[in-house]
Amino acid sequence: MRKIIGRISNGKYFSEEPATVSRMQEMLDARKGPALGTDTEYFKGLGTADPFEGLPEAVKPYAWKKALAAGIDPRGKRYCGSVALEPCDPHALIDSVGEMRKIIENNNMTSEGIINHTAEVNAEPRSEYIPAPDIVEERTIDILDAQGAPDIVSRKEFEMAEDKAYNSLLR
């Protein structure tokens, strides 16, 4: 059963519950929508030509070689030193907020902002094993097939299945 909480008429919002100020009314009055935690918002204004932007020029070739040696192609990714476990950590190369969330959760870090996560005190150390991307993708497809998902799914559904696949491989 649907509940009508308000309506918009001639560009104005009218609440069905007049005693309360709704979030919709606040957004319309301010002419600003809610903040979004999307990849586009997070990576806004960052170039993609140099994945190691911000690192000293002398370090960039070393960082690039280290990433390739770890089997990670730096093209199209951004180095995020705040989640690096060591200098030039190739696993700190990210291309999405979802990937950063995995790193933060797996390394038991505290983060506040686009990703909210509180580190567990005295948590068991996480596995250092990181599954290969092709294995995670294969497991993700198996999970989606088992759920009876259509061939085309939303990004959120895919990321949820991908997280499930990733976590199942860590056990």
# chains A, B, ... in the order shown; residues from 1 in each chain; ligands from 1

$ select_by_dssp --residues "region 89-165 of chain A" --states "alpha helix (DSSP H)" --output "PyMOL selection string"
chain A and resi 97-106+133-146+155-165

$ residues_around --residues "Lys164 (chain A)" --least-positions-apart "2" --cutoff "12 Å" --atoms "only C-alpha atoms" --output "VMD selection string"
chain A and resid 102 136 to 137 139 to 144 157 to 162 166 to 171

$ write_last_selection --atoms "C-alpha atoms" --output "CSV table (one decimal), in the first residue's frame"
chain,number,residue,atom,x,y,z
A,102,LYS,CA,36.8,-3.2,-0.1
A,136,VAL,CA,36.0,-12.7,-8.7
A,137,GLU,CA,34.2,-11.9,-12.0
A,139,ARG,CA,32.2,-16.1,-9.2
A,140,THR,CA,30.0,-13.0,-9.5
A,141,ILE,CA,28.5,-14.3,-12.7
A,142,ASP,CA,27.8,-17.6,-11.0
A,143,ILE,CA,26.1,-15.9,-8.0
A,144,LEU,CA,23.9,-13.8,-10.4
A,157,GLU,CA,23.1,-5.4,-8.0
A,158,PHE,CA,26.3,-6.3,-9.7
A,159,GLU,CA,28.4,-4.7,-6.9
A,160,MET,CA,26.4,-6.5,-4.2
A,161,ALA,CA,27.0,-9.8,-6.0
A,162,GLU,CA,30.7,-8.9,-6.6
A,166,TYR,CA,34.9,-11.5,-3.1
A,167,ASN,CA,34.1,-12.3,0.5
A,168,SER,CA,33.4,-16.0,-0.3
A,169,LEU,CA,36.9,-16.3,-1.9
A,170,LEU,CA,38.5,-14.9,1.3
A,171,ARG,CA,37.2,-17.7,3.4

$ closest_residue --among "A:Lys66, A:His91, A:Gly54, A:Asp29" --to "Ala132 (chain A)" --atoms "only C-alpha atoms"
A:His91

$ closest_residue --among "A:Met100, A:Ala119, A:Ile130, A:Asp50" --to "Gly71 (chain A)" --atoms "only C-alpha atoms"
A:Ile130

$ residues_around --residues "Leu68 (chain A)" --least-positions-apart "5" --cutoff "12 Å" --atoms "only C-alpha atoms" --output "VMD selection string"
chain A and resid 61 to 63 73 to 75 88 to 91 93

$ write_last_selection --atoms "C-alpha atoms" --output "PDB file, in the first residue's frame"
ATOM      1  CA  PRO A  61      58.468   4.918 -12.549  1.00  0.00           C
ATOM      2  CA  TYR A  62      59.054   2.728  -9.476  1.00  0.00           C
ATOM      3  CA  ALA A  63      55.356   2.848  -8.544  1.00  0.00           C
ATOM      4  CA  ASP A  73      47.328  -2.142 -14.744  1.00  0.00           C
ATOM      5  CA  PRO A  74      47.483   1.463 -13.441  1.00  0.00           C
ATOM      6  CA  ARG A  75      45.802   2.972 -16.513  1.00  0.00           C
ATOM      7  CA  CYS A  88      53.682   2.878  -3.646  1.00  0.00           C
ATOM      8  CA  ASP A  89      51.291   0.074  -2.627  1.00  0.00           C
ATOM      9  CA  PRO A  90      49.800  -1.165  -5.936  1.00  0.00           C
ATOM     10  CA  HIS A  91      46.592  -2.183  -4.141  1.00  0.00           C
ATOM     11  CA  LEU A  93      45.245   2.055  -7.132  1.00  0.00           C
TER      12      LEU A  93
END

$ atom_distance --atom1 "CA of Val97 (chain A)" --atom2 "CA of Glu138 (chain A)"
21.1 Å

$ closest_residue --among "A:Ser96, A:Ser111, A:Asn116, A:Gln25" --to "Val83 (chain A)" --atoms "only C-alpha atoms"
A:Ser111

$ select_by_dssp --residues "region 34-155 of chain A" --states "strand (DSSP E or B)" --output "VMD selection string"
chain A and resid 78 to 79 93 to 94 111 117

$ write_last_selection --atoms "N, CA and C atoms" --output "CSV table (one decimal), in the first residue's frame"
chain,number,residue,atom,x,y,z
A,78,ARG,N,43.4,5.6,-10.0
A,78,ARG,CA,44.0,6.7,-9.2
A,78,ARG,C,44.7,6.1,-8.0
A,79,TYR,N,45.9,6.6,-7.7
A,79,TYR,CA,46.6,6.2,-6.5
A,79,TYR,C,46.1,6.9,-5.3
A,93,LEU,N,45.7,1.5,-5.8
A,93,LEU,CA,45.2,2.1,-7.1
A,93,LEU,C,43.8,1.7,-7.3
A,94,ILE,N,42.9,2.7,-7.3
A,94,ILE,CA,41.5,2.4,-7.3
A,94,ILE,C,40.8,3.1,-8.5
A,111,SER,N,37.1,5.2,8.3
A,111,SER,CA,36.9,6.2,7.2
A,111,SER,C,35.6,6.9,7.5
A,117,HIS,N,33.1,3.8,7.7
A,117,HIS,CA,33.5,2.5,8.2
A,117,HIS,C,34.3,2.8,9.5

$ closest_residue --among "A:Gln147, A:Asp134, A:Lys32, A:Ala67" --to "Pro87 (chain A)" --atoms "only C-alpha atoms"
A:Ala67

$ closest_residue --among "A:Asp163, A:Gly98, A:Trp64, A:Tyr129" --to "Ile114 (chain A)" --atoms "only C-alpha atoms"
A:Gly98

$ closest_residue --among "A:Leu55, A:Lys156, A:Ala92, A:Met27" --to "Ala70 (chain A)" --atoms "only C-alpha atoms"
A:Ala92

$ residues_around --residues "Val121 (chain A)" --least-positions-apart "5" --cutoff "12 Å" --atoms "only C-alpha atoms" --output "VMD selection string"
chain A and resid 108 to 110
